[in-house]
Amino acid sequence: MKDLIRAHAGLLFAGVATFVMMGAGQALFGPALPVYVRDFALSEGEAGLFVALLWVGCFLGVGLMYFRGASIGPRHALVAMILGAGGMAASPGWGLTLAGGVVFGIGYGMATAVFNPRVMRAFGATGPSMLSLLNATFGVGAIAAPLVFVWLGSDPVRAFGTVAVALMVIWVLAGPAGREGVAPHGAVKPFRPHWGILAFGAVAIGLEASLAGLGPTALIRAGEAEARASELLSAFFVVFLLARVALIFIAHRVQPFVLFTVAVGSAAVFALGAALLAPGPFFVAMGASTGVFFPGFYVTAAGKMGEDTRVPPTIVASGLVGAITAPLILAPLGASLGDRGFFVLVAGILAAVSLAAIVSLRRMRV
């Protein structure tokens, strides 16, 4: 493992640094949203659009990777994220803020499809564990960002400006890192879309996006102060990170869909606790479950669908379908169901997904 890490040090640096800032950028959407709702007098549907358009951008970025992935590297993704974060920091109105979110999402989607397959391939048998490590670093930025947001006076302009500057530094240092492993070595398994696992991923990642993006607003509706909601989101990502760190040691030993099933089942229990008991603590607990959603889904889907270069973008795109649509649906529905309606909806959806996952366990082995 040490030899592999030394051999792929450039890939790891570029991936880790980029994923940290991806986490920071996404996590800022949650605490920034109540500020935008107040400043721009937005409705619940318009607020959900801000979160959804991030994932529309991601979908576009992943689509670009599907057709042009072999010629796209880390620096291309970083440029898009720099432009998006800078646009959100500089924009004078709501429309341009939305546009900045879309552009940031394009870079986010490109980076996801650039790094995940390269890391999986570079580290061979330990690829699932290293994938968990890479995605765990996402949590570092996601933890820090809400706290930095409060420290900067809950000012989205300053917060997104800080992200843009940090991404510029990474762009300078990244160089050509990550170009290794663009194409698999040896025979390539054919491209085999597996609609079952793609459907599971769409729902799970949609809920993950909704929890991160709409969670602070839902907590405020349930009685938490804005600053407290940002702190709870940071704590959510602390346990999110801890769950992904734990996966480093177990992901290559346990069937990935078993991990996925446990994750959605525990998330359903925690969501029910948020709806019926205490929103804050149970929202934080959901971070542990949510941290396992993507690794469990991605590794299962990769095992089912082959090694064609179109596979990683297809896997990510399925999750983005959920991430785009879920906030648009859950934001207005949750608001219409009362102070804790968002958590009631999440609990019901997760319970249904858990049952379907248990029934599908045997068919999802890889």
# chains A, B, ... in the order shown; residues from 1 in each chain; ligands from 1
>>> residues_around(residues="segment 248-257 of chain A", least_positions_apart="4", cutoff="6 Å", atoms="only C-alpha atoms", output="ChimeraX atom specification")
/A:128-129,132-133,296,300
>>> residues_around(residues="segment 206-216 of chain A", least_positions_apart="5", cutoff="6 Å", atoms="only C-alpha atoms", output="PyMOL selection string")
chain A and resi 29-30+51+229+322-323+326-327
>>> write_last_selection(atoms="all heavy atoms", output="mmCIF file, in the first residue's frame")
data_model
loop_
_atom_site.group_PDB
_atom_site.id
_atom_site.type_symbol
_atom_site.label_atom_id
_atom_site.label_comp_id
_atom_site.auth_asym_id
_atom_site.auth_seq_id
_atom_site.Cartn_x
_atom_site.Cartn_y
_atom_site.Cartn_z
ATOM 1 N N PHE A 29 -24.067 25.695 0.401
ATOM 2 C CA PHE A 29 -25.396 25.908 -0.158
ATOM 3 C C PHE A 29 -26.459 25.862 0.941
ATOM 4 O O PHE A 29 -27.425 26.618 0.900
ATOM 5 C CB PHE A 29 -25.700 24.852 -1.223
ATOM 6 C CG PHE A 29 -25.155 25.198 -2.581
ATOM 7 C CD1 PHE A 29 -23.794 25.341 -2.789
ATOM 8 C CD2 PHE A 29 -25.999 25.375 -3.655
ATOM 9 C CE1 PHE A 29 -23.286 25.654 -4.036
ATOM 10 C CE2 PHE A 29 -25.512 25.690 -4.920
ATOM 11 C CZ PHE A 29 -24.139 25.832 -5.104
ATOM 12 N N GLY A 30 -26.279 24.967 1.940
ATOM 13 C CA GLY A 30 -27.268 24.841 3.007
ATOM 14 C C GLY A 30 -27.395 26.089 3.859
ATOM 15 O O GLY A 30 -28.475 26.690 3.952
ATOM 16 N N VAL A 51 -30.680 24.616 -4.714
ATOM 17 C CA VAL A 51 -30.018 23.340 -4.446
ATOM 18 C C VAL A 51 -30.068 22.439 -5.678
ATOM 19 O O VAL A 51 -29.076 21.816 -6.062
ATOM 20 C CB VAL A 51 -30.667 22.638 -3.233
ATOM 21 C CG1 VAL A 51 -30.011 21.289 -2.984
ATOM 22 C CG2 VAL A 51 -30.557 23.517 -1.989
ATOM 23 N N ALA A 229 -28.315 26.064 13.256
ATOM 24 C CA ALA A 229 -28.535 25.159 12.129
ATOM 25 C C ALA A 229 -27.239 24.934 11.356
ATOM 26 O O ALA A 229 -26.950 23.814 10.918
ATOM 27 C CB ALA A 229 -29.613 25.722 11.212
ATOM 28 N N GLY A 322 -31.469 11.959 -9.122
ATOM 29 C CA GLY A 322 -32.132 12.101 -7.831
ATOM 30 C C GLY A 322 -31.796 13.409 -7.152
ATOM 31 O O GLY A 322 -32.669 14.057 -6.542
ATOM 32 N N ALA A 323 -30.526 13.822 -7.236
ATOM 33 C CA ALA A 323 -30.100 15.052 -6.564
ATOM 34 C C ALA A 323 -30.763 16.281 -7.173
ATOM 35 O O ALA A 323 -30.971 17.281 -6.480
ATOM 36 C CB ALA A 323 -28.579 15.173 -6.651
ATOM 37 N N ALA A 326 -35.005 15.584 -6.218
ATOM 38 C CA ALA A 326 -35.447 15.451 -4.828
ATOM 39 C C ALA A 326 -35.627 16.788 -4.115
ATOM 40 O O ALA A 326 -36.658 17.001 -3.451
ATOM 41 C CB ALA A 326 -34.486 14.543 -4.060
ATOM 42 N N PRO A 327 -34.670 17.727 -4.175
ATOM 43 C CA PRO A 327 -34.897 19.002 -3.488
ATOM 44 C C PRO A 327 -36.111 19.764 -4.009
ATOM 45 O O PRO A 327 -36.830 20.414 -3.232
ATOM 46 C CB PRO A 327 -33.599 19.785 -3.757
ATOM 47 C CG PRO A 327 -32.569 18.753 -4.045
ATOM 48 C CD PRO A 327 -33.311 17.661 -4.766
#
>>> residues_around(residues="Ser230 of chain A", least_positions_apart="6", cutoff="9 Å", atoms="only C-alpha atoms", output="MDAnalysis selection string")
chainID A and resid 30:31 146:147 149:150 216
>>> closest_residue(among="A:Thr217, A:Thr97, A:Asn116, A:Thr18", to="Met168 of chain A", atoms="only C-alpha atoms")
A:Thr18
>>> residues_around(residues="Ala351 of chain A", least_positions_apart="6", cutoff="12 Å", atoms="only C-alpha atoms", output="compact mmCIF listing (two decimals) with all heavy atoms, in the first residue's frame")
# COMPACT_ATOMS: atom_id res chain seq x y z
N VAL A 203 -32.24 7.49 -5.81
CA VAL A 203 -33.01 7.86 -4.62
C VAL A 203 -32.08 8.23 -3.46
O VAL A 203 -32.29 9.25 -2.78
CB VAL A 203 -33.96 6.71 -4.21
CG1 VAL A 203 -34.70 7.07 -2.93
CG2 VAL A 203 -34.95 6.42 -5.32
N ALA A 204 -31.05 7.42 -3.23
CA ALA A 204 -30.16 7.67 -2.10
C ALA A 204 -29.40 8.98 -2.23
O ALA A 204 -29.32 9.77 -1.28
CB ALA A 204 -29.18 6.50 -1.94
N THR A 261 -27.30 -1.15 2.20
CA THR A 261 -28.56 -1.51 2.85
C THR A 261 -28.57 -1.09 4.32
O THR A 261 -29.57 -0.54 4.82
CB THR A 261 -28.80 -3.02 2.73
OG1 THR A 261 -28.82 -3.38 1.35
CG2 THR A 261 -30.13 -3.42 3.36
N VAL A 262 -27.47 -1.34 5.01
CA VAL A 262 -27.37 -0.92 6.42
C VAL A 262 -27.46 0.60 6.52
O VAL A 262 -28.10 1.15 7.43
CB VAL A 262 -26.06 -1.43 7.03
CG1 VAL A 262 -25.83 -0.82 8.41
CG2 VAL A 262 -26.06 -2.95 7.11
N ALA A 263 -26.85 1.29 5.57
CA ALA A 263 -26.85 2.75 5.61
C ALA A 263 -28.25 3.32 5.45
O ALA A 263 -28.67 4.20 6.22
CB ALA A 263 -25.92 3.30 4.53
N VAL A 264 -29.01 2.84 4.46
CA VAL A 264 -30.35 3.41 4.25
C VAL A 264 -31.29 3.00 5.38
O VAL A 264 -32.17 3.77 5.78
CB VAL A 264 -30.93 3.01 2.87
CG1 VAL A 264 -30.11 3.66 1.75
CG2 VAL A 264 -31.01 1.52 2.68
N GLY A 265 -31.10 1.79 5.93
CA GLY A 265 -31.95 1.37 7.04
C GLY A 265 -31.72 2.21 8.29
O GLY A 265 -32.68 2.65 8.95
N SER A 266 -30.46 2.46 8.63
CA SER A 266 -30.17 3.28 9.80
C SER A 266 -30.61 4.72 9.58
O SER A 266 -31.11 5.39 10.50
CB SER A 266 -28.68 3.23 10.14
OG SER A 266 -27.90 3.70 9.05
N ALA A 267 -30.46 5.22 8.34
CA ALA A 267 -30.91 6.58 8.05
C ALA A 267 -32.42 6.72 8.25
O ALA A 267 -32.91 7.76 8.72
CB ALA A 267 -30.52 6.97 6.63
N ALA A 268 -33.17 5.67 7.89
CA ALA A 268 -34.62 5.71 8.09
C ALA A 268 -34.97 5.83 9.57
O ALA A 268 -35.86 6.60 9.95
CB ALA A 268 -35.25 4.45 7.49
N VAL A 269 -34.25 5.09 10.41
CA VAL A 269 -34.49 5.16 11.86
C VAL A 269 -34.17 6.56 12.38
O VAL A 269 -34.93 7.15 13.16
CB VAL A 269 -33.64 4.10 12.58
CG1 VAL A 269 -33.74 4.27 14.09
CG2 VAL A 269 -34.09 2.70 12.17
N PHE A 270 -33.04 7.12 11.95
CA PHE A 270 -32.64 8.44 12.43
C PHE A 270 -33.61 9.52 11.93
O PHE A 270 -33.93 10.47 12.66
CB PHE A 270 -31.22 8.76 11.97
CG PHE A 270 -30.16 7.87 12.57
CD1 PHE A 270 -29.07 7.47 11.82
CD2 PHE A 270 -30.27 7.42 13.88
CE1 PHE A 270 -28.09 6.65 12.36
CE2 PHE A 270 -29.30 6.59 14.43
CZ PHE A 270 -28.20 6.21 13.67
N ALA A 271 -34.09 9.38 10.70
CA ALA A 271 -35.04 10.37 10.18
C ALA A 271 -36.34 10.33 10.96
O ALA A 271 -36.96 11.38 11.24
CB ALA A 271 -35.31 10.10 8.69
N LEU A 272 -36.75 9.12 11.35
CA LEU A 272 -37.96 9.00 12.17
C LEU A 272 -37.75 9.67 13.53
O LEU A 272 -38.64 10.33 14.05
CB LEU A 272 -38.31 7.52 12.35
CG LEU A 272 -39.65 7.22 13.02
CD1 LEU A 272 -40.80 7.78 12.20
CD2 LEU A 272 -39.82 5.71 13.22
N VAL A 344 -40.37 13.91 8.16
CA VAL A 344 -41.39 12.87 7.96
C VAL A 344 -41.27 12.28 6.56
O VAL A 344 -41.28 11.05 6.37
CB VAL A 344 -42.80 13.45 8.19
CG1 VAL A 344 -43.86 12.42 7.79
CG2 VAL A 344 -42.99 13.86 9.63
N LEU A 345 -41.15 13.15 5.55
CA LEU A 345 -41.01 12.68 4.17
C LEU A 345 -39.75 11.84 3.98
O LEU A 345 -39.79 10.77 3.36
CB LEU A 345 -40.95 13.88 3.22
CG LEU A 345 -42.27 14.56 2.87
CD1 LEU A 345 -42.00 15.81 2.05
CD2 LEU A 345 -43.18 13.61 2.11
N ALA A 357 -34.14 -2.66 -0.65
CA ALA A 357 -32.75 -3.10 -0.62
C ALA A 357 -32.61 -4.48 0.02
O ALA A 357 -31.84 -5.32 -0.45
CB ALA A 357 -31.90 -2.07 0.14
N ILE A 358 -33.35 -4.72 1.08
CA ILE A 358 -33.30 -6.04 1.74
C ILE A 358 -33.75 -7.13 0.78
O ILE A 358 -33.13 -8.20 0.67
CB ILE A 358 -34.16 -6.02 3.02
CG1 ILE A 358 -33.52 -5.11 4.08
CG2 ILE A 358 -34.33 -7.43 3.57
CD1 ILE A 358 -34.42 -4.84 5.27
>>> residues_around(residues="Phe200 of chain A", least_positions_apart="2", cutoff="9 Å", atoms="only C-alpha atoms", output="PyMOL selection string")
chain A and resi 195-198+202-205+297+318-319+353+356-357
>>> write_last_selection(atoms="N, CA, C and O atoms", output="PDB file, in the first residue's frame")
ATOM      1  N   TRP A 195     -30.189  -1.284 -14.275  1.00  0.00           N
ATOM      2  CA  TRP A 195     -31.160  -0.268 -13.894  1.00  0.00           C
ATOM      3  C   TRP A 195     -31.555  -0.351 -12.427  1.00  0.00           C
ATOM      4  O   TRP A 195     -31.931   0.666 -11.821  1.00  0.00           O
ATOM      5  N   GLY A 196     -31.455  -1.529 -11.826  1.00  0.00           N
ATOM      6  CA  GLY A 196     -31.818  -1.665 -10.413  1.00  0.00           C
ATOM      7  C   GLY A 196     -30.915  -0.856  -9.508  1.00  0.00           C
ATOM      8  O   GLY A 196     -31.376  -0.041  -8.691  1.00  0.00           O
ATOM      9  N   ILE A 197     -29.600  -1.058  -9.637  1.00  0.00           N
ATOM     10  CA  ILE A 197     -28.679  -0.334  -8.762  1.00  0.00           C
ATOM     11  C   ILE A 197     -28.680   1.154  -9.097  1.00  0.00           C
ATOM     12  O   ILE A 197     -28.511   2.008  -8.205  1.00  0.00           O
ATOM     13  N   LEU A 198     -28.892   1.500 -10.367  1.00  0.00           N
ATOM     14  CA  LEU A 198     -28.966   2.916 -10.731  1.00  0.00           C
ATOM     15  C   LEU A 198     -30.168   3.592 -10.073  1.00  0.00           C
ATOM     16  O   LEU A 198     -30.095   4.756  -9.654  1.00  0.00           O
ATOM     17  N   ALA A 202     -30.082   6.712  -7.457  1.00  0.00           N
ATOM     18  CA  ALA A 202     -30.805   7.960  -7.714  1.00  0.00           C
ATOM     19  C   ALA A 202     -31.556   8.420  -6.465  1.00  0.00           C
ATOM     20  O   ALA A 202     -31.516   9.604  -6.093  1.00  0.00           O
ATOM     21  N   VAL A 203     -32.241   7.491  -5.809  1.00  0.00           N
ATOM     22  CA  VAL A 203     -33.012   7.862  -4.617  1.00  0.00           C
ATOM     23  C   VAL A 203     -32.083   8.229  -3.460  1.00  0.00           C
ATOM     24  O   VAL A 203     -32.288   9.252  -2.779  1.00  0.00           O
ATOM     25  N   ALA A 204     -31.054   7.423  -3.234  1.00  0.00           N
ATOM     26  CA  ALA A 204     -30.163   7.666  -2.095  1.00  0.00           C
ATOM     27  C   ALA A 204     -29.404   8.980  -2.230  1.00  0.00           C
ATOM     28  O   ALA A 204     -29.324   9.769  -1.278  1.00  0.00           O
ATOM     29  N   ILE A 205     -28.853   9.238  -3.410  1.00  0.00           N
ATOM     30  CA  ILE A 205     -28.097  10.470  -3.586  1.00  0.00           C
ATOM     31  C   ILE A 205     -29.028  11.677  -3.600  1.00  0.00           C
ATOM     32  O   ILE A 205     -28.655  12.768  -3.161  1.00  0.00           O
ATOM     33  N   PHE A 297     -23.064   2.429  -3.077  1.00  0.00           N
ATOM     34  CA  PHE A 297     -23.727   2.449  -4.386  1.00  0.00           C
ATOM     35  C   PHE A 297     -22.709   2.386  -5.518  1.00  0.00           C
ATOM     36  O   PHE A 297     -22.848   1.580  -6.445  1.00  0.00           O
ATOM     37  N   SER A 318     -26.769   8.861 -12.640  1.00  0.00           N
ATOM     38  CA  SER A 318     -27.998   8.333 -12.038  1.00  0.00           C
ATOM     39  C   SER A 318     -28.250   8.954 -10.672  1.00  0.00           C
ATOM     40  O   SER A 318     -29.388   9.294 -10.324  1.00  0.00           O
ATOM     41  N   GLY A 319     -27.170   9.120  -9.903  1.00  0.00           N
ATOM     42  CA  GLY A 319     -27.330   9.789  -8.617  1.00  0.00           C
ATOM     43  C   GLY A 319     -27.755  11.233  -8.774  1.00  0.00           C
ATOM     44  O   GLY A 319     -28.557  11.762  -7.992  1.00  0.00           O
ATOM     45  N   VAL A 353     -37.064   2.478   0.666  1.00  0.00           N
ATOM     46  CA  VAL A 353     -35.801   2.077   0.036  1.00  0.00           C
ATOM     47  C   VAL A 353     -35.159   0.938   0.818  1.00  0.00           C
ATOM     48  O   VAL A 353     -34.594   0.000   0.237  1.00  0.00           O
ATOM     49  N   ALA A 356     -36.850  -2.340  -0.045  1.00  0.00           N
ATOM     50  CA  ALA A 356     -36.467  -2.777  -1.391  1.00  0.00           C
ATOM     51  C   ALA A 356     -35.029  -3.299  -1.413  1.00  0.00           C
ATOM     52  O   ALA A 356     -34.719  -4.271  -2.112  1.00  0.00           O
ATOM     53  N   ALA A 357     -34.145  -2.661  -0.650  1.00  0.00           N
ATOM     54  CA  ALA A 357     -32.747  -3.100  -0.618  1.00  0.00           C
ATOM     55  C   ALA A 357     -32.609  -4.479   0.020  1.00  0.00           C
ATOM     56  O   ALA A 357     -31.836  -5.322  -0.448  1.00  0.00           O
TER      57      ALA A 357
END
>>> closest_residue(among="A:His76, A:Asp39, A:Ala85, A:Ala301", to="Val157 of chain A", atoms="only C-alpha atoms")
A:Ala85
>>> residues_around(residues="Gly341 of chain A", least_positions_apart="5", cutoff="12 Å", atoms="only C-alpha atoms", output="PDB file with N, CA, C and O atoms, in the first residue's frame")
ATOM      1  N   GLY A 215     -31.486  20.662   4.740  1.00  0.00           N
ATOM      2  CA  GLY A 215     -31.476  20.368   6.162  1.00  0.00           C
ATOM      3  C   GLY A 215     -31.463  21.595   7.055  1.00  0.00           C
ATOM      4  O   GLY A 215     -32.269  21.695   7.998  1.00  0.00           O
ATOM      5  N   THR A 217     -32.499  24.646   6.512  1.00  0.00           N
ATOM      6  CA  THR A 217     -33.797  25.325   6.441  1.00  0.00           C
ATOM      7  C   THR A 217     -34.853  24.545   7.211  1.00  0.00           C
ATOM      8  O   THR A 217     -35.693  25.132   7.910  1.00  0.00           O
ATOM      9  N   ALA A 218     -34.816  23.201   7.099  1.00  0.00           N
ATOM     10  CA  ALA A 218     -35.773  22.375   7.838  1.00  0.00           C
ATOM     11  C   ALA A 218     -35.552  22.485   9.346  1.00  0.00           C
ATOM     12  O   ALA A 218     -36.513  22.511  10.126  1.00  0.00           O
ATOM     13  N   LEU A 219     -34.310  22.556   9.764  1.00  0.00           N
ATOM     14  CA  LEU A 219     -34.008  22.714  11.192  1.00  0.00           C
ATOM     15  C   LEU A 219     -34.491  24.064  11.713  1.00  0.00           C
ATOM     16  O   LEU A 219     -35.017  24.166  12.829  1.00  0.00           O
ATOM     17  N   ARG A 221     -36.995  25.758  10.499  1.00  0.00           N
ATOM     18  CA  ARG A 221     -38.455  25.654  10.574  1.00  0.00           C
ATOM     19  C   ARG A 221     -38.880  24.888  11.824  1.00  0.00           C
ATOM     20  O   ARG A 221     -39.948  25.149  12.395  1.00  0.00           O
ATOM     21  N   ALA A 222     -38.054  23.946  12.260  1.00  0.00           N
ATOM     22  CA  ALA A 222     -38.374  23.156  13.459  1.00  0.00           C
ATOM     23  C   ALA A 222     -38.005  23.876  14.750  1.00  0.00           C
ATOM     24  O   ALA A 222     -38.208  23.325  15.838  1.00  0.00           O
ATOM     25  N   ALA A 271     -34.087   9.385  10.698  1.00  0.00           N
ATOM     26  CA  ALA A 271     -35.040  10.367  10.178  1.00  0.00           C
ATOM     27  C   ALA A 271     -36.341  10.328  10.962  1.00  0.00           C
ATOM     28  O   ALA A 271     -36.955  11.376  11.243  1.00  0.00           O
ATOM     29  N   LEU A 272     -36.752   9.123  11.349  1.00  0.00           N
ATOM     30  CA  LEU A 272     -37.956   9.004  12.169  1.00  0.00           C
ATOM     31  C   LEU A 272     -37.746   9.667  13.525  1.00  0.00           C
ATOM     32  O   LEU A 272     -38.639  10.328  14.054  1.00  0.00           O
ATOM     33  N   ALA A 274     -35.786  12.213  14.067  1.00  0.00           N
ATOM     34  CA  ALA A 274     -35.830  13.655  13.839  1.00  0.00           C
ATOM     35  C   ALA A 274     -37.267  14.149  13.719  1.00  0.00           C
ATOM     36  O   ALA A 274     -37.598  15.260  14.155  1.00  0.00           O
ATOM     37  N   ALA A 275     -38.129  13.323  13.118  1.00  0.00           N
ATOM     38  CA  ALA A 275     -39.524  13.718  12.934  1.00  0.00           C
ATOM     39  C   ALA A 275     -40.323  13.665  14.231  1.00  0.00           C
ATOM     40  O   ALA A 275     -41.187  14.519  14.467  1.00  0.00           O
ATOM     41  N   LEU A 276     -40.008  12.678  15.079  1.00  0.00           N
ATOM     42  CA  LEU A 276     -40.853  12.456  16.260  1.00  0.00           C
ATOM     43  C   LEU A 276     -40.228  12.928  17.575  1.00  0.00           C
ATOM     44  O   LEU A 276     -40.957  13.227  18.536  1.00  0.00           O
ATOM     45  N   PRO A 279     -35.133  16.950  16.350  1.00  0.00           N
ATOM     46  CA  PRO A 279     -34.592  17.136  14.996  1.00  0.00           C
ATOM     47  C   PRO A 279     -33.074  17.296  14.955  1.00  0.00           C
ATOM     48  O   PRO A 279     -32.415  16.683  14.103  1.00  0.00           O
ATOM     49  N   LEU A 330     -39.056  17.787  -2.350  1.00  0.00           N
ATOM     50  CA  LEU A 330     -39.111  17.770  -0.887  1.00  0.00           C
ATOM     51  C   LEU A 330     -39.248  19.163  -0.275  1.00  0.00           C
ATOM     52  O   LEU A 330     -39.853  19.307   0.788  1.00  0.00           O
ATOM     53  N   ALA A 331     -38.683  20.191  -0.912  1.00  0.00           N
ATOM     54  CA  ALA A 331     -38.742  21.539  -0.330  1.00  0.00           C
ATOM     55  C   ALA A 331     -40.183  22.019  -0.151  1.00  0.00           C
ATOM     56  O   ALA A 331     -40.589  22.366   0.968  1.00  0.00           O
ATOM     57  N   PRO A 332     -41.002  22.053  -1.211  1.00  0.00           N
ATOM     58  CA  PRO A 332     -42.385  22.520  -0.996  1.00  0.00           C
ATOM     59  C   PRO A 332     -43.247  21.531  -0.231  1.00  0.00           C
ATOM     60  O   PRO A 332     -44.086  21.931   0.591  1.00  0.00           O
ATOM     61  N   LEU A 333     -43.068  20.221  -0.460  1.00  0.00           N
ATOM     62  CA  LEU A 333     -43.881  19.239   0.261  1.00  0.00           C
ATOM     63  C   LEU A 333     -43.577  19.269   1.751  1.00  0.00           C
ATOM     64  O   LEU A 333     -44.484  19.218   2.593  1.00  0.00           O
ATOM     65  N   GLY A 334     -42.293  19.336   2.091  1.00  0.00           N
ATOM     66  CA  GLY A 334     -41.918  19.384   3.497  1.00  0.00           C
ATOM     67  C   GLY A 334     -42.494  20.595   4.196  1.00  0.00           C
ATOM     68  O   GLY A 334     -42.987  20.505   5.330  1.00  0.00           O
ATOM     69  N   ALA A 335     -42.470  21.741   3.532  1.00  0.00           N
ATOM     70  CA  ALA A 335     -43.012  22.962   4.128  1.00  0.00           C
ATOM     71  C   ALA A 335     -44.517  22.863   4.343  1.00  0.00           C
ATOM     72  O   ALA A 335     -45.056  23.407   5.313  1.00  0.00           O
ATOM     73  N   SER A 336     -45.198  22.145   3.455  1.00  0.00           N
ATOM     74  CA  SER A 336     -46.660  22.046   3.562  1.00  0.00           C
ATOM     75  C   SER A 336     -47.113  21.088   4.654  1.00  0.00           C
ATOM     76  O   SER A 336     -48.278  21.103   5.041  1.00  0.00           O
ATOM     77  N   VAL A 346     -38.635  12.327   4.523  1.00  0.00           N
ATOM     78  CA  VAL A 346     -37.370  11.601   4.382  1.00  0.00           C
ATOM     79  C   VAL A 346     -37.474  10.225   5.037  1.00  0.00           C
ATOM     80  O   VAL A 346     -37.005   9.223   4.479  1.00  0.00           O
ATOM     81  N   ALA A 347     -38.084  10.158   6.209  1.00  0.00           N
ATOM     82  CA  ALA A 347     -38.225   8.873   6.900  1.00  0.00           C
ATOM     83  C   ALA A 347     -39.046   7.888   6.086  1.00  0.00           C
ATOM     84  O   ALA A 347     -38.701   6.696   5.971  1.00  0.00           O
ATOM     85  N   GLY A 348     -40.140   8.353   5.501  1.00  0.00           N
ATOM     86  CA  GLY A 348     -40.980   7.466   4.711  1.00  0.00           C
ATOM     87  C   GLY A 348     -40.270   6.934   3.472  1.00  0.00           C
ATOM     88  O   GLY A 348     -40.350   5.733   3.160  1.00  0.00           O
TER      89      GLY A 348
END
>>> residues_around(residues="Phe138 of chain A", least_positions_apart="4", cutoff="9 Å", atoms="only C-alpha atoms", output="ChimeraX atom specification")
/A:16-24,134,142-143,241
>>> write_last_selection(atoms="N, CA and C atoms", output="PDB file, in the first residue's frame")
ATOM      1  N   VAL A  16      -7.576  14.608  -3.282  1.00  0.00           N
ATOM      2  CA  VAL A  16      -7.929  14.983  -1.913  1.00  0.00           C
ATOM      3  C   VAL A  16      -8.218  16.475  -1.820  1.00  0.00           C
ATOM      4  N   ALA A  17      -7.331  17.306  -2.371  1.00  0.00           N
ATOM      5  CA  ALA A  17      -7.530  18.754  -2.294  1.00  0.00           C
ATOM      6  C   ALA A  17      -8.816  19.179  -2.994  1.00  0.00           C
ATOM      7  N   THR A  18      -9.083  18.586  -4.146  1.00  0.00           N
ATOM      8  CA  THR A  18     -10.298  18.935  -4.887  1.00  0.00           C
ATOM      9  C   THR A  18     -11.543  18.496  -4.135  1.00  0.00           C
ATOM     10  N   PHE A  19     -11.525  17.293  -3.575  1.00  0.00           N
ATOM     11  CA  PHE A  19     -12.702  16.804  -2.857  1.00  0.00           C
ATOM     12  C   PHE A  19     -12.968  17.608  -1.585  1.00  0.00           C
ATOM     13  N   VAL A  20     -11.911  18.087  -0.928  1.00  0.00           N
ATOM     14  CA  VAL A  20     -12.115  18.951   0.238  1.00  0.00           C
ATOM     15  C   VAL A  20     -12.918  20.189  -0.161  1.00  0.00           C
ATOM     16  N   MET A  21     -12.540  20.804  -1.277  1.00  0.00           N
ATOM     17  CA  MET A  21     -13.235  22.015  -1.709  1.00  0.00           C
ATOM     18  C   MET A  21     -14.606  21.713  -2.307  1.00  0.00           C
ATOM     19  N   MET A  22     -14.775  20.531  -2.880  1.00  0.00           N
ATOM     20  CA  MET A  22     -16.112  20.134  -3.309  1.00  0.00           C
ATOM     21  C   MET A  22     -17.040  20.057  -2.100  1.00  0.00           C
ATOM     22  N   GLY A  23     -16.540  19.456  -1.020  1.00  0.00           N
ATOM     23  CA  GLY A  23     -17.335  19.378   0.196  1.00  0.00           C
ATOM     24  C   GLY A  23     -17.654  20.740   0.765  1.00  0.00           C
ATOM     25  N   ALA A  24     -16.661  21.633   0.751  1.00  0.00           N
ATOM     26  CA  ALA A  24     -16.880  22.981   1.274  1.00  0.00           C
ATOM     27  C   ALA A  24     -17.918  23.723   0.439  1.00  0.00           C
ATOM     28  N   LEU A 134     -10.807   8.807  -0.358  1.00  0.00           N
ATOM     29  CA  LEU A 134     -10.967   9.992  -1.197  1.00  0.00           C
ATOM     30  C   LEU A 134     -12.268  10.710  -0.882  1.00  0.00           C
ATOM     31  N   ALA A 142     -16.672  19.889   4.085  1.00  0.00           N
ATOM     32  CA  ALA A 142     -18.077  20.049   4.449  1.00  0.00           C
ATOM     33  C   ALA A 142     -18.251  20.369   5.931  1.00  0.00           C
ATOM     34  N   ILE A 143     -17.340  19.863   6.762  1.00  0.00           N
ATOM     35  CA  ILE A 143     -17.386  20.169   8.195  1.00  0.00           C
ATOM     36  C   ILE A 143     -16.997  21.624   8.438  1.00  0.00           C
ATOM     37  N   LEU A 241     -17.971  12.225   7.829  1.00  0.00           N
ATOM     38  CA  LEU A 241     -16.549  11.949   7.628  1.00  0.00           C
ATOM     39  C   LEU A 241     -16.106  10.723   8.412  1.00  0.00           C
TER      40      LEU A 241
END
>>> atom_distance(atom1="atom CA of Gly15 of chain A", atom2="atom CA of Leu28 of chain A")
20.0 Å
>>> closest_residue(among="A:Ile82, A:Val163, A:Val239, A:Leu320", to="Gly141 of chain A", atoms="only C-alpha atoms")
A:Val163
>>> closest_residue(among="A:Thr290, A:Ile324, A:Arg38, A:Leu11", to="Arg121 of chain A", atoms="only C-alpha atoms")
A:Leu11
>>> closest_residue(among="A:Pro313, A:Gly223, A:Pro156, A:Pro117", to="Ala90 of chain A", atoms="only C-alpha atoms")
A:Pro156
>>> closest_residue(among="A:Tyr36, A:Phe343, A:Phe191, A:Phe294", to="Glu307 of chain A", atoms="only C-alpha atoms")
A:Phe191
>>> atom_distance(atom1="atom CA of Leu259 of chain A", atom2="atom CA of Ala235 of chain A")
22.0 Å
>>> atom_distance(atom1="atom CA of Leu337 of chain A", atom2="atom CA of Ile349 of chain A")
14.9 Å
